[in-house]
Amino acid sequence: MSLPQPVPPSWKDLGKSSNDLLGKDFPLSGVALEVKTATPSNVLFKVGGSRDTKSSFIAGDIEAKFFNKYHGLTLTQSWTTANILKTQVEIDNQIAKGVKLELSTALTPDTGARSALLTTTYKQPGLHTRAFLDIFKGPTFTADTVIGRDGFLVGAEASYNVTEGKITKYATAVGYSAPEYAVALHGLGNLSTFAASYYHRVNPDVEAGAKAVYDTRASPKGNVALEVGAKVYLDQAAFFKAKINNSGILGLGYTQSLRPGVKASFGLALDTQRLNDVTSDAAAHKVGASFTFDG
């Protein structure tokens, strides 16, 4: 008798463990601050801001999210310093079990630019499929599906421009996921770019991962990118991360939980090939920090 199959990850989450290990908790472009609060009436507020070190540009946004668990309804509204008004409406498990409907809209009053994306998600054991309709762009219909069985994963994505009547992009992926490790192989950009990723939880305190990307359209001297990294938990409240790529860029990150709901992260990037270069524009040295308050 076969065991019950879990719901596989969505297309965008294939290889997520490796991507998170190599991409998250490295604040390198400046200083960021995020404050989250919740009310007894199921309303969440989030205020975020960041300052770019190179340009000194400050960007921010304010967001309010309302939950109604009984009706499976989530309403999110946000306003950014770029004067973009965003609204997201989600209805989960109301039409049928495993079906989620989502409408995301954005409006820029200054220019009149607008966008609307309608998303349908269907999840069942062994199957995770999504369909998107970009109403104002094309319109364009995009669908992706991931099938899982005994840890093995197979997925594909395709976009169809309704006005032009042709497929504009397609991609595919295979992978395997286990409690201690995960591997994934993607063929992206109409199978012109290939990516392989690997994640391994060595023990409860150490994680390791790697990612390689091969771009068939790039020049032979720079068509392969490789990055490896590791994460070490120092204790229950702190961890350290390090990564390096084949361009010699070394990334370091340290995250400390100062108290429940308060977290600070610090990041440093060093161009190891230009450690002694005094020209600031030539070397890729970066430093940053982020602070999160979750009340």
# chains A, B, ... in the order shown; residues from 1 in each chain; ligands from 1

$ residues_around --residues "A:Gly175" --least-positions-apart "6" --cutoff "8 Å" --atoms "only C-alpha atoms" --output "VMD selection string"
chain A and resid 14 to 15 152 to 154 182 to 185

$ residues_around --residues "A:Ala242" --least-positions-apart "2" --cutoff "6 Å" --atoms "only C-alpha atoms" --output "list in words"
Gly229, Ala230, Gly251 and Leu252 of chain A

$ residues_around --residues "stretch 169-174 of chain A" --least-positions-apart "5" --cutoff "8 Å" --atoms "only C-alpha atoms" --output "mmCIF file with N, CA, C and O atoms, in the first residue's frame"
data_model
loop_
_atom_site.group_PDB
_atom_site.id
_atom_site.type_symbol
_atom_site.label_atom_id
_atom_site.label_comp_id
_atom_site.auth_asym_id
_atom_site.auth_seq_id
_atom_site.Cartn_x
_atom_site.Cartn_y
_atom_site.Cartn_z
ATOM 1 N N PHE A 152 9.696 12.582 -5.450
ATOM 2 C CA PHE A 152 10.078 13.023 -6.790
ATOM 3 C C PHE A 152 9.104 14.095 -7.279
ATOM 4 O O PHE A 152 7.888 13.977 -7.085
ATOM 5 N N LEU A 153 9.637 15.139 -7.911
ATOM 6 C CA LEU A 153 8.835 16.274 -8.351
ATOM 7 C C LEU A 153 9.087 16.545 -9.828
ATOM 8 O O LEU A 153 10.228 16.512 -10.293
ATOM 9 N N VAL A 154 8.010 16.815 -10.556
ATOM 10 C CA VAL A 154 8.094 17.191 -11.973
ATOM 11 C C VAL A 154 7.179 18.384 -12.171
ATOM 12 O O VAL A 154 6.009 18.365 -11.756
ATOM 13 N N GLY A 155 7.710 19.449 -12.799
ATOM 14 C CA GLY A 155 6.909 20.645 -12.995
ATOM 15 C C GLY A 155 7.139 21.272 -14.348
ATOM 16 O O GLY A 155 8.141 21.017 -15.017
ATOM 17 N N ALA A 156 6.184 22.121 -14.765
ATOM 18 C CA ALA A 156 6.293 22.833 -16.034
ATOM 19 C C ALA A 156 5.506 24.123 -15.941
ATOM 20 O O ALA A 156 4.555 24.249 -15.153
ATOM 21 N N GLU A 157 5.917 25.095 -16.781
ATOM 22 C CA GLU A 157 5.249 26.394 -16.837
ATOM 23 C C GLU A 157 5.183 26.847 -18.289
ATOM 24 O O GLU A 157 6.102 26.601 -19.067
ATOM 25 N N ALA A 158 4.098 27.538 -18.652
ATOM 26 C CA ALA A 158 3.955 28.071 -20.003
ATOM 27 C C ALA A 158 3.083 29.312 -19.964
ATOM 28 O O ALA A 158 2.165 29.417 -19.142
ATOM 29 N N SER A 159 3.391 30.281 -20.872
ATOM 30 C CA SER A 159 2.598 31.503 -21.000
ATOM 31 C C SER A 159 2.087 31.630 -22.425
ATOM 32 O O SER A 159 2.811 31.333 -23.384
ATOM 33 N N TYR A 160 0.848 32.095 -22.544
ATOM 34 C CA TYR A 160 0.204 32.224 -23.850
ATOM 35 C C TYR A 160 -0.364 33.627 -23.988
ATOM 36 O O TYR A 160 -1.156 34.074 -23.142
ATOM 37 N N ALA A 184 17.130 20.120 -7.291
ATOM 38 C CA ALA A 184 16.219 20.573 -8.340
ATOM 39 C C ALA A 184 17.013 20.964 -9.575
ATOM 40 O O ALA A 184 18.128 21.490 -9.467
ATOM 41 N N LEU A 185 16.443 20.702 -10.738
ATOM 42 C CA LEU A 185 17.036 21.069 -12.022
ATOM 43 C C LEU A 185 15.975 21.785 -12.845
ATOM 44 O O LEU A 185 14.900 21.235 -13.087
ATOM 45 N N HIS A 186 16.271 23.044 -13.256
ATOM 46 C CA HIS A 186 15.333 23.856 -14.009
ATOM 47 C C HIS A 186 15.838 24.098 -15.430
ATOM 48 O O HIS A 186 17.033 24.286 -15.634
ATOM 49 N N GLY A 187 14.921 24.114 -16.368
ATOM 50 C CA GLY A 187 15.174 24.600 -17.710
ATOM 51 C C GLY A 187 14.294 25.807 -17.938
ATOM 52 O O GLY A 187 13.074 25.675 -18.083
ATOM 53 N N LEU A 188 14.878 27.012 -17.940
ATOM 54 C CA LEU A 188 14.119 28.253 -17.937
ATOM 55 C C LEU A 188 14.321 29.024 -19.235
ATOM 56 O O LEU A 188 15.166 28.649 -20.061
ATOM 57 N N GLY A 189 13.541 30.105 -19.392
ATOM 58 C CA GLY A 189 13.722 30.972 -20.559
ATOM 59 C C GLY A 189 13.619 30.244 -21.873
ATOM 60 O O GLY A 189 14.519 30.351 -22.714
ATOM 61 N N ASN A 190 12.542 29.488 -22.071
ATOM 62 C CA ASN A 190 12.366 28.680 -23.285
ATOM 63 C C ASN A 190 13.518 27.693 -23.454
ATOM 64 O O ASN A 190 14.019 27.463 -24.560
ATOM 65 N N LEU A 191 13.952 27.131 -22.329
ATOM 66 C CA LEU A 191 15.023 26.128 -22.264
ATOM 67 C C LEU A 191 16.354 26.687 -22.774
ATOM 68 O O LEU A 191 17.172 25.941 -23.317
#

$ residues_around --residues "stretch 213-216 of chain A" --least-positions-apart "3" --cutoff "12 Å" --atoms "only C-alpha atoms" --output "list in words"
Ala184, Leu185, His186, Gly187, Leu188, Gly189, Asn190, Leu191, Ser192, Thr193, Phe194, Ala195, Ala196, Ser197, Ala210, Ser219, Pro220, Lys221, Gly222, Asn223, Val224, Ala225, Leu226, Glu227, Val228, Asn245 and Asn246 of chain A

$ closest_atom_pairs --of "stretch 28-75 of chain A" --to "stretch 258-271 of chain A" --cutoff "10 Å" --atoms "only C-alpha atoms" --output "JSON lines"
{"residue": "A:Leu28", "atom": "CA", "partner": "A:Gly267", "partner_atom": "CA", "distance": 5.4}
{"residue": "A:Ser29", "atom": "CA", "partner": "A:Gly267", "partner_atom": "CA", "distance": 8.8}
{"residue": "A:Gly30", "atom": "CA", "partner": "A:Gly267", "partner_atom": "CA", "distance": 9.2}
{"residue": "A:Val31", "atom": "CA", "partner": "A:Phe266", "partner_atom": "CA", "distance": 9.1}
{"residue": "A:Ala32", "atom": "CA", "partner": "A:Ser265", "partner_atom": "CA", "distance": 9.6}
{"residue": "A:Leu33", "atom": "CA", "partner": "A:Ala264", "partner_atom": "CA", "distance": 9.4}
{"residue": "A:Glu34", "atom": "CA", "partner": "A:Lys263", "partner_atom": "CA", "distance": 9.9}
{"residue": "A:Val35", "atom": "CA", "partner": "A:Val262", "partner_atom": "CA", "distance": 9.3}
{"residue": "A:Lys36", "atom": "CA", "partner": "A:Gly261", "partner_atom": "CA", "distance": 9.1}

$ closest_residue --among "A:Glu63, A:Asp110, A:Glu180, A:Asp52" --to "A:Gln77" --atoms "only C-alpha atoms"
A:Glu63

$ closest_residue --among "A:Thr255, A:Ser78, A:Thr272, A:Thr53" --to "A:Phe26" --atoms "only C-alpha atoms"
A:Thr255

$ select_by_dssp --residues "stretch 68-255 of chain A" --states "strand (DSSP E or B)" --output "VMD selection string"
chain A and resid 68 73 to 80 85 to 92 99 to 108 113 to 124 127 to 134 140 to 149 152 to 161 166 to 177 181 to 188 193 to 203 206 to 215 224 to 235 238 to 245 249 to 255

$ residues_around --residues "stretch 114-124 of chain A" --least-positions-apart "2" --cutoff "6 Å" --atoms "only C-alpha atoms" --output "mmCIF file with N, CA, C and O atoms, in the first residue's frame"
data_model
loop_
_atom_site.group_PDB
_atom_site.id
_atom_site.type_symbol
_atom_site.label_atom_id
_atom_site.label_comp_id
_atom_site.auth_asym_id
_atom_site.auth_seq_id
_atom_site.Cartn_x
_atom_site.Cartn_y
_atom_site.Cartn_z
ATOM 1 N N VAL A 7 1.041 17.464 -0.384
ATOM 2 C CA VAL A 7 0.885 18.454 -1.447
ATOM 3 C C VAL A 7 2.271 18.943 -1.849
ATOM 4 O O VAL A 7 3.037 19.413 -1.015
ATOM 5 N N GLY A 98 -9.266 22.963 -1.587
ATOM 6 C CA GLY A 98 -8.001 23.065 -2.304
ATOM 7 C C GLY A 98 -7.959 24.135 -3.367
ATOM 8 O O GLY A 98 -6.923 24.323 -4.001
ATOM 9 N N VAL A 99 -9.072 24.876 -3.562
ATOM 10 C CA VAL A 99 -9.128 25.920 -4.585
ATOM 11 C C VAL A 99 -8.990 27.291 -3.918
ATOM 12 O O VAL A 99 -9.681 27.601 -2.948
ATOM 13 N N LYS A 100 -8.108 28.111 -4.468
ATOM 14 C CA LYS A 100 -7.892 29.460 -3.964
ATOM 15 C C LYS A 100 -7.947 30.446 -5.126
ATOM 16 O O LYS A 100 -7.275 30.252 -6.147
ATOM 17 N N LEU A 101 -8.739 31.497 -4.974
ATOM 18 C CA LEU A 101 -8.836 32.565 -5.960
ATOM 19 C C LEU A 101 -8.165 33.816 -5.405
ATOM 20 O O LEU A 101 -8.304 34.128 -4.222
ATOM 21 N N GLU A 102 -7.465 34.527 -6.275
ATOM 22 C CA GLU A 102 -6.726 35.710 -5.832
ATOM 23 C C GLU A 102 -6.727 36.760 -6.942
ATOM 24 O O GLU A 102 -6.464 36.452 -8.104
ATOM 25 N N LEU A 103 -7.033 37.988 -6.556
ATOM 26 C CA LEU A 103 -6.996 39.118 -7.491
ATOM 27 C C LEU A 103 -6.053 40.175 -6.934
ATOM 28 O O LEU A 103 -6.254 40.669 -5.824
ATOM 29 N N SER A 104 -5.010 40.503 -7.710
ATOM 30 C CA SER A 104 -4.023 41.508 -7.303
ATOM 31 C C SER A 104 -4.061 42.659 -8.296
ATOM 32 O O SER A 104 -3.912 42.446 -9.504
ATOM 33 N N THR A 105 -4.264 43.870 -7.788
ATOM 34 C CA THR A 105 -4.326 45.044 -8.649
ATOM 35 C C THR A 105 -3.335 46.095 -8.154
ATOM 36 O O THR A 105 -2.974 46.126 -6.970
ATOM 37 N N ALA A 106 -2.888 46.943 -9.064
ATOM 38 C CA ALA A 106 -1.994 48.052 -8.730
ATOM 39 C C ALA A 106 -2.366 49.248 -9.588
ATOM 40 O O ALA A 106 -2.681 49.099 -10.772
ATOM 41 N N LEU A 107 -2.342 50.435 -8.981
ATOM 42 C CA LEU A 107 -2.705 51.658 -9.676
ATOM 43 C C LEU A 107 -1.740 52.769 -9.287
ATOM 44 O O LEU A 107 -1.453 52.962 -8.098
ATOM 45 N N LEU A 127 -0.416 17.008 -6.176
ATOM 46 C CA LEU A 127 -0.654 17.941 -7.275
ATOM 47 C C LEU A 127 -0.729 19.365 -6.750
ATOM 48 O O LEU A 127 -1.375 19.644 -5.736
ATOM 49 N N HIS A 128 -0.051 20.277 -7.452
ATOM 50 C CA HIS A 128 -0.129 21.711 -7.133
ATOM 51 C C HIS A 128 -0.098 22.461 -8.460
ATOM 52 O O HIS A 128 0.913 22.476 -9.156
ATOM 53 N N THR A 129 -1.210 23.080 -8.819
ATOM 54 C CA THR A 129 -1.283 23.760 -10.110
ATOM 55 C C THR A 129 -1.819 25.172 -9.921
ATOM 56 O O THR A 129 -2.634 25.435 -9.028
ATOM 57 N N ARG A 130 -1.344 26.099 -10.765
ATOM 58 C CA ARG A 130 -1.774 27.497 -10.700
ATOM 59 C C ARG A 130 -2.039 28.018 -12.114
ATOM 60 O O ARG A 130 -1.413 27.563 -13.075
ATOM 61 N N ALA A 131 -2.950 28.983 -12.204
ATOM 62 C CA ALA A 131 -3.250 29.632 -13.485
ATOM 63 C C ALA A 131 -3.361 31.134 -13.242
ATOM 64 O O ALA A 131 -3.994 31.573 -12.271
ATOM 65 N N PHE A 132 -2.715 31.922 -14.114
ATOM 66 C CA PHE A 132 -2.692 33.373 -13.979
ATOM 67 C C PHE A 132 -3.229 34.006 -15.261
ATOM 68 O O PHE A 132 -2.911 33.563 -16.363
ATOM 69 N N LEU A 133 -4.001 35.067 -15.086
ATOM 70 C CA LEU A 133 -4.460 35.860 -16.225
ATOM 71 C C LEU A 133 -4.082 37.308 -15.971
ATOM 72 O O LEU A 133 -4.626 37.958 -15.079
ATOM 73 N N ASP A 134 -3.100 37.797 -16.747
ATOM 74 C CA ASP A 134 -2.690 39.195 -16.677
ATOM 75 C C ASP A 134 -3.632 39.985 -17.585
ATOM 76 O O ASP A 134 -3.509 39.952 -18.810
ATOM 77 N N ILE A 135 -4.580 40.688 -16.978
ATOM 78 C CA ILE A 135 -5.688 41.268 -17.724
ATOM 79 C C ILE A 135 -5.251 42.388 -18.663
ATOM 80 O O ILE A 135 -5.696 42.465 -19.814
ATOM 81 N N PHE A 136 -4.358 43.267 -18.201
ATOM 82 C CA PHE A 136 -3.998 44.439 -18.992
ATOM 83 C C PHE A 136 -2.739 44.236 -19.832
ATOM 84 O O PHE A 136 -2.415 45.064 -20.667
#

$ closest_residue --among "A:Lys12, A:Pro204, A:Gly253, A:Pro4" --to "A:Gly151" --atoms "only C-alpha atoms"
A:Pro4

$ atom_distance --atom1 "atom CA of A:Gly138" --atom2 "atom CA of A:Ile167"
11.7 Å

$ atom_distance --atom1 "atom CA of A:Gln256" --atom2 "atom CA of A:Lys211"
26.0 Å

$ select_by_dssp --residues "stretch 15-255 of chain A" --states "helix (DSSP H, G or I)" --output "list in words"
Lys16, Ser17, Ser18, Asn19, Asp20, Leu21, Leu22 and Gly23 of chain A

$ residues_around --residues "A:Gln273" --least-positions-apart "2" --cutoff "8 Å" --atoms "only C-alpha atoms" --output "PyMOL selection string"
chain A and resi 248-249+271+275

$ write_last_selection --atoms "N, CA, C and O atoms" --output "mmCIF file, in the first residue's frame"
data_model
loop_
_atom_site.group_PDB
_atom_site.id
_atom_site.type_symbol
_atom_site.label_atom_id
_atom_site.label_comp_id
_atom_site.auth_asym_id
_atom_site.auth_seq_id
_atom_site.Cartn_x
_atom_site.Cartn_y
_atom_site.Cartn_z
ATOM 1 N N GLY A 248 34.125 35.589 -7.164
ATOM 2 C CA GLY A 248 34.934 35.967 -6.024
ATOM 3 C C GLY A 248 34.232 36.868 -5.026
ATOM 4 O O GLY A 248 34.886 37.447 -4.150
ATOM 5 N N ILE A 249 32.897 36.988 -5.121
ATOM 6 C CA ILE A 249 32.146 37.817 -4.180
ATOM 7 C C ILE A 249 31.791 36.969 -2.963
ATOM 8 O O ILE A 249 31.069 35.979 -3.067
ATOM 9 N N ASP A 271 34.542 41.810 -2.340
ATOM 10 C CA ASP A 271 35.093 41.383 -3.623
ATOM 11 C C ASP A 271 36.504 40.874 -3.355
ATOM 12 O O ASP A 271 37.450 41.651 -3.247
ATOM 13 N N LEU A 275 40.449 43.110 -2.905
ATOM 14 C CA LEU A 275 40.488 43.505 -1.505
ATOM 15 C C LEU A 275 41.366 44.730 -1.288
ATOM 16 O O LEU A 275 41.126 45.529 -0.377
#

$ atom_distance --atom1 "atom CA of A:Gly288" --atom2 "atom CA of A:Val47"
19.0 Å

$ closest_residue --among "A:Ala289, A:Ala237, A:Ala208, A:Ala143" --to "A:Ser17" --atoms "only C-alpha atoms"
A:Ala208

$ closest_residue --among "A:Asn203, A:Thr87, A:Thr81, A:Thr142" --to "A:Gly48" --atoms "only C-alpha atoms"
A:Thr81

$ closest_residue --among "A:Ala64, A:Val202, A:Val162, A:Ile147" --to "A:Tyr176" --atoms "only C-alpha atoms"
A:Ile147

$ residues_around --residues "A:Lys65" --least-positions-apart "3" --cutoff "12 Å" --atoms "only C-alpha atoms" --output "mmCIF file with C-alpha atoms, in the first residue's frame"
data_model
loop_
_atom_site.group_PDB
_atom_site.id
_atom_site.type_symbol
_atom_site.label_atom_id
_atom_site.label_comp_id
_atom_site.auth_asym_id
_atom_site.auth_seq_id
_atom_site.Cartn_x
_atom_site.Cartn_y
_atom_site.Cartn_z
ATOM 1 C CA LYS A 36 4.520 44.566 12.138
ATOM 2 C CA THR A 37 1.575 44.858 14.535
ATOM 3 C CA ALA A 38 -1.698 42.980 14.964
ATOM 4 C CA THR A 39 -5.075 43.994 16.396
ATOM 5 C CA SER A 41 -10.011 42.273 15.252
ATOM 6 C CA ASN A 42 -7.790 40.252 12.847
ATOM 7 C CA VAL A 43 -6.138 43.232 11.182
ATOM 8 C CA LEU A 44 -2.391 43.220 10.574
ATOM 9 C CA PHE A 45 -0.393 46.370 9.894
ATOM 10 C CA LYS A 46 3.075 46.464 8.373
ATOM 11 C CA VAL A 47 5.306 49.473 7.757
ATOM 12 C CA ILE A 62 2.465 50.819 4.518
ATOM 13 C CA ASN A 68 -11.839 36.408 7.937
ATOM 14 C CA LEU A 73 -11.256 35.819 2.951
ATOM 15 C CA THR A 74 -8.077 37.909 3.082
ATOM 16 C CA LEU A 75 -7.987 41.553 2.000
ATOM 17 C CA THR A 76 -4.650 43.363 1.706
ATOM 18 C CA GLN A 77 -4.142 47.019 0.801
ATOM 19 C CA SER A 78 -0.855 48.899 0.591
ATOM 20 C CA LYS A 86 -2.031 47.932 -4.343
ATOM 21 C CA THR A 87 -5.009 45.745 -3.463
ATOM 22 C CA GLN A 88 -5.116 41.977 -3.067
ATOM 23 C CA VAL A 89 -8.222 39.868 -2.433
ATOM 24 C CA GLU A 90 -7.916 36.146 -1.615
#

$ decode --residues "stretch 121-133 of chain A" --atoms "all heavy atoms" --output "JSON list (two decimals), in the first residue's frame"
[["chain", "number", "residue", "atom", "x", "y", "z"],
["A", 121, "THR", "N", -5.49, 28.83, -7.83],
["A", 121, "THR", "CA", -4.60, 27.79, -7.33],
["A", 121, "THR", "C", -5.41, 26.57, -6.93],
["A", 121, "THR", "O", -6.45, 26.70, -6.26],
["A", 121, "THR", "CB", -3.78, 28.29, -6.12],
["A", 121, "THR", "OG1", -3.05, 29.46, -6.49],
["A", 121, "THR", "CG2", -2.81, 27.22, -5.65],
["A", 122, "TYR", "N", -4.94, 25.40, -7.32],
["A", 122, "TYR", "CA", -5.60, 24.14, -6.94],
["A", 122, "TYR", "C", -4.56, 23.20, -6.35],
["A", 122, "TYR", "O", -3.55, 22.90, -7.00],
["A", 122, "TYR", "CB", -6.28, 23.50, -8.15],
["A", 122, "TYR", "CG", -6.97, 22.19, -7.84],
["A", 122, "TYR", "CD1", -8.07, 22.14, -6.99],
["A", 122, "TYR", "CD2", -6.50, 21.00, -8.38],
["A", 122, "TYR", "CE1", -8.70, 20.94, -6.70],
["A", 122, "TYR", "CE2", -7.12, 19.80, -8.11],
["A", 122, "TYR", "CZ", -8.22, 19.77, -7.26],
["A", 122, "TYR", "OH", -8.83, 18.58, -6.97],
["A", 123, "LYS", "N", -4.79, 22.78, -5.11],
["A", 123, "LYS", "CA", -3.84, 21.91, -4.40],
["A", 123, "LYS", "C", -4.55, 20.66, -3.90],
["A", 123, "LYS", "O", -5.61, 20.74, -3.29],
["A", 123, "LYS", "CB", -3.22, 22.66, -3.22],
["A", 123, "LYS", "CG", -2.40, 23.87, -3.59],
["A", 123, "LYS", "CD", -1.67, 24.44, -2.38],
["A", 123, "LYS", "CE", -2.64, 25.03, -1.38],
["A", 123, "LYS", "NZ", -1.94, 25.68, -0.25],
["A", 124, "GLN", "N", -3.93, 19.53, -4.19],
["A", 124, "GLN", "CA", -4.38, 18.24, -3.69],
["A", 124, "GLN", "C", -3.14, 17.38, -3.44],
["A", 124, "GLN", "O", -2.06, 17.70, -3.93],
["A", 124, "GLN", "CB", -5.31, 17.56, -4.70],
["A", 124, "GLN", "CG", -6.67, 18.21, -4.87],
["A", 124, "GLN", "CD", -7.53, 18.13, -3.64],
["A", 124, "GLN", "OE1", -7.45, 17.18, -2.88],
["A", 124, "GLN", "NE2", -8.36, 19.15, -3.41],
["A", 125, "PRO", "N", -3.26, 16.31, -2.66],
["A", 125, "PRO", "CA", -2.09, 15.43, -2.47],
["A", 125, "PRO", "C", -1.50, 14.99, -3.81],
["A", 125, "PRO", "O", -2.20, 14.44, -4.65],
["A", 125, "PRO", "CB", -2.67, 14.24, -1.70],
["A", 125, "PRO", "CG", -3.82, 14.83, -0.94],
["A", 125, "PRO", "CD", -4.41, 15.87, -1.85],
["A", 126, "GLY", "N", -0.22, 15.29, -4.00],
["A", 126, "GLY", "CA", 0.47, 14.91, -5.23],
["A", 126, "GLY", "C", 0.33, 15.89, -6.37],
["A", 126, "GLY", "O", 0.91, 15.68, -7.44],
["A", 127, "LEU", "N", -0.42, 17.01, -6.18],
["A", 127, "LEU", "CA", -0.65, 17.94, -7.27],
["A", 127, "LEU", "C", -0.73, 19.37, -6.75],
["A", 127, "LEU", "O", -1.38, 19.64, -5.74],
["A", 127, "LEU", "CB", -1.96, 17.60, -8.00],
["A", 127, "LEU", "CG", -2.40, 18.56, -9.12],
["A", 127, "LEU", "CD1", -1.43, 18.52, -10.29],
["A", 127, "LEU", "CD2", -3.82, 18.22, -9.58],
["A", 128, "HIS", "N", -0.05, 20.28, -7.45],
["A", 128, "HIS", "CA", -0.13, 21.71, -7.13],
["A", 128, "HIS", "C", -0.10, 22.46, -8.46],
["A", 128, "HIS", "O", 0.91, 22.48, -9.16],
["A", 128, "HIS", "CB", 1.06, 22.13, -6.26],
["A", 128, "HIS", "CG", 0.86, 23.46, -5.59],
["A", 128, "HIS", "ND1", 1.39, 23.75, -4.36],
["A", 128, "HIS", "CD2", 0.19, 24.58, -5.97],
["A", 128, "HIS", "CE1", 1.07, 24.98, -4.02],
["A", 128, "HIS", "NE2", 0.34, 25.49, -4.99],
["A", 129, "THR", "N", -1.21, 23.08, -8.82],
["A", 129, "THR", "CA", -1.28, 23.76, -10.11],
["A", 129, "THR", "C", -1.82, 25.17, -9.92],
["A", 129, "THR", "O", -2.63, 25.43, -9.03],
["A", 129, "THR", "CB", -2.18, 22.98, -11.10],
["A", 129, "THR", "OG1", -2.16, 23.62, -12.37],
["A", 129, "THR", "CG2", -3.60, 22.89, -10.60],
["A", 130, "ARG", "N", -1.34, 26.10, -10.77],
["A", 130, "ARG", "CA", -1.77, 27.50, -10.70],
["A", 130, "ARG", "C", -2.04, 28.02, -12.11],
["A", 130, "ARG", "O", -1.41, 27.56, -13.07],
["A", 130, "ARG", "CB", -0.71, 28.38, -10.03],
["A", 130, "ARG", "CG", -0.31, 27.92, -8.63],
["A", 130, "ARG", "CD", 0.75, 28.85, -8.05],
["A", 130, "ARG", "NE", 1.92, 28.94, -8.92],
["A", 130, "ARG", "CZ", 2.87, 29.87, -8.78],
["A", 130, "ARG", "NH1", 2.78, 30.77, -7.83],
["A", 130, "ARG", "NH2", 3.91, 29.88, -9.59],
["A", 131, "ALA", "N", -2.95, 28.98, -12.20],
["A", 131, "ALA", "CA", -3.25, 29.63, -13.49],
["A", 131, "ALA", "C", -3.36, 31.13, -13.24],
["A", 131, "ALA", "O", -3.99, 31.57, -12.27],
["A", 131, "ALA", "CB", -4.54, 29.09, -14.08],
["A", 132, "PHE", "N", -2.72, 31.92, -14.11],
["A", 132, "PHE", "CA", -2.69, 33.37, -13.98],
["A", 132, "PHE", "C", -3.23, 34.01, -15.26],
["A", 132, "PHE", "O", -2.91, 33.56, -16.36],
["A", 132, "PHE", "CB", -1.26, 33.89, -13.75],
["A", 132, "PHE", "CG", -0.52, 33.21, -12.64],
["A", 132, "PHE", "CD1", 0.19, 32.04, -12.89],
["A", 132, "PHE", "CD2", -0.51, 33.73, -11.37],
["A", 132, "PHE", "CE1", 0.89, 31.41, -11.89],
["A", 132, "PHE", "CE2", 0.19, 33.11, -10.35],
["A", 132, "PHE", "CZ", 0.89, 31.95, -10.61],
["A", 133, "LEU", "N", -4.00, 35.07, -15.09],
["A", 133, "LEU", "CA", -4.46, 35.86, -16.23],
["A", 133, "LEU", "C", -4.08, 37.31, -15.97],
["A", 133, "LEU", "O", -4.63, 37.96, -15.08],
["A", 133, "LEU", "CB", -5.97, 35.74, -16.41],
["A", 133, "LEU", "CG", -6.56, 36.54, -17.59],
["A", 133, "LEU", "CD1", -5.97, 36.06, -18.91],
["A", 133, "LEU", "CD2", -8.08, 36.46, -17.60]]
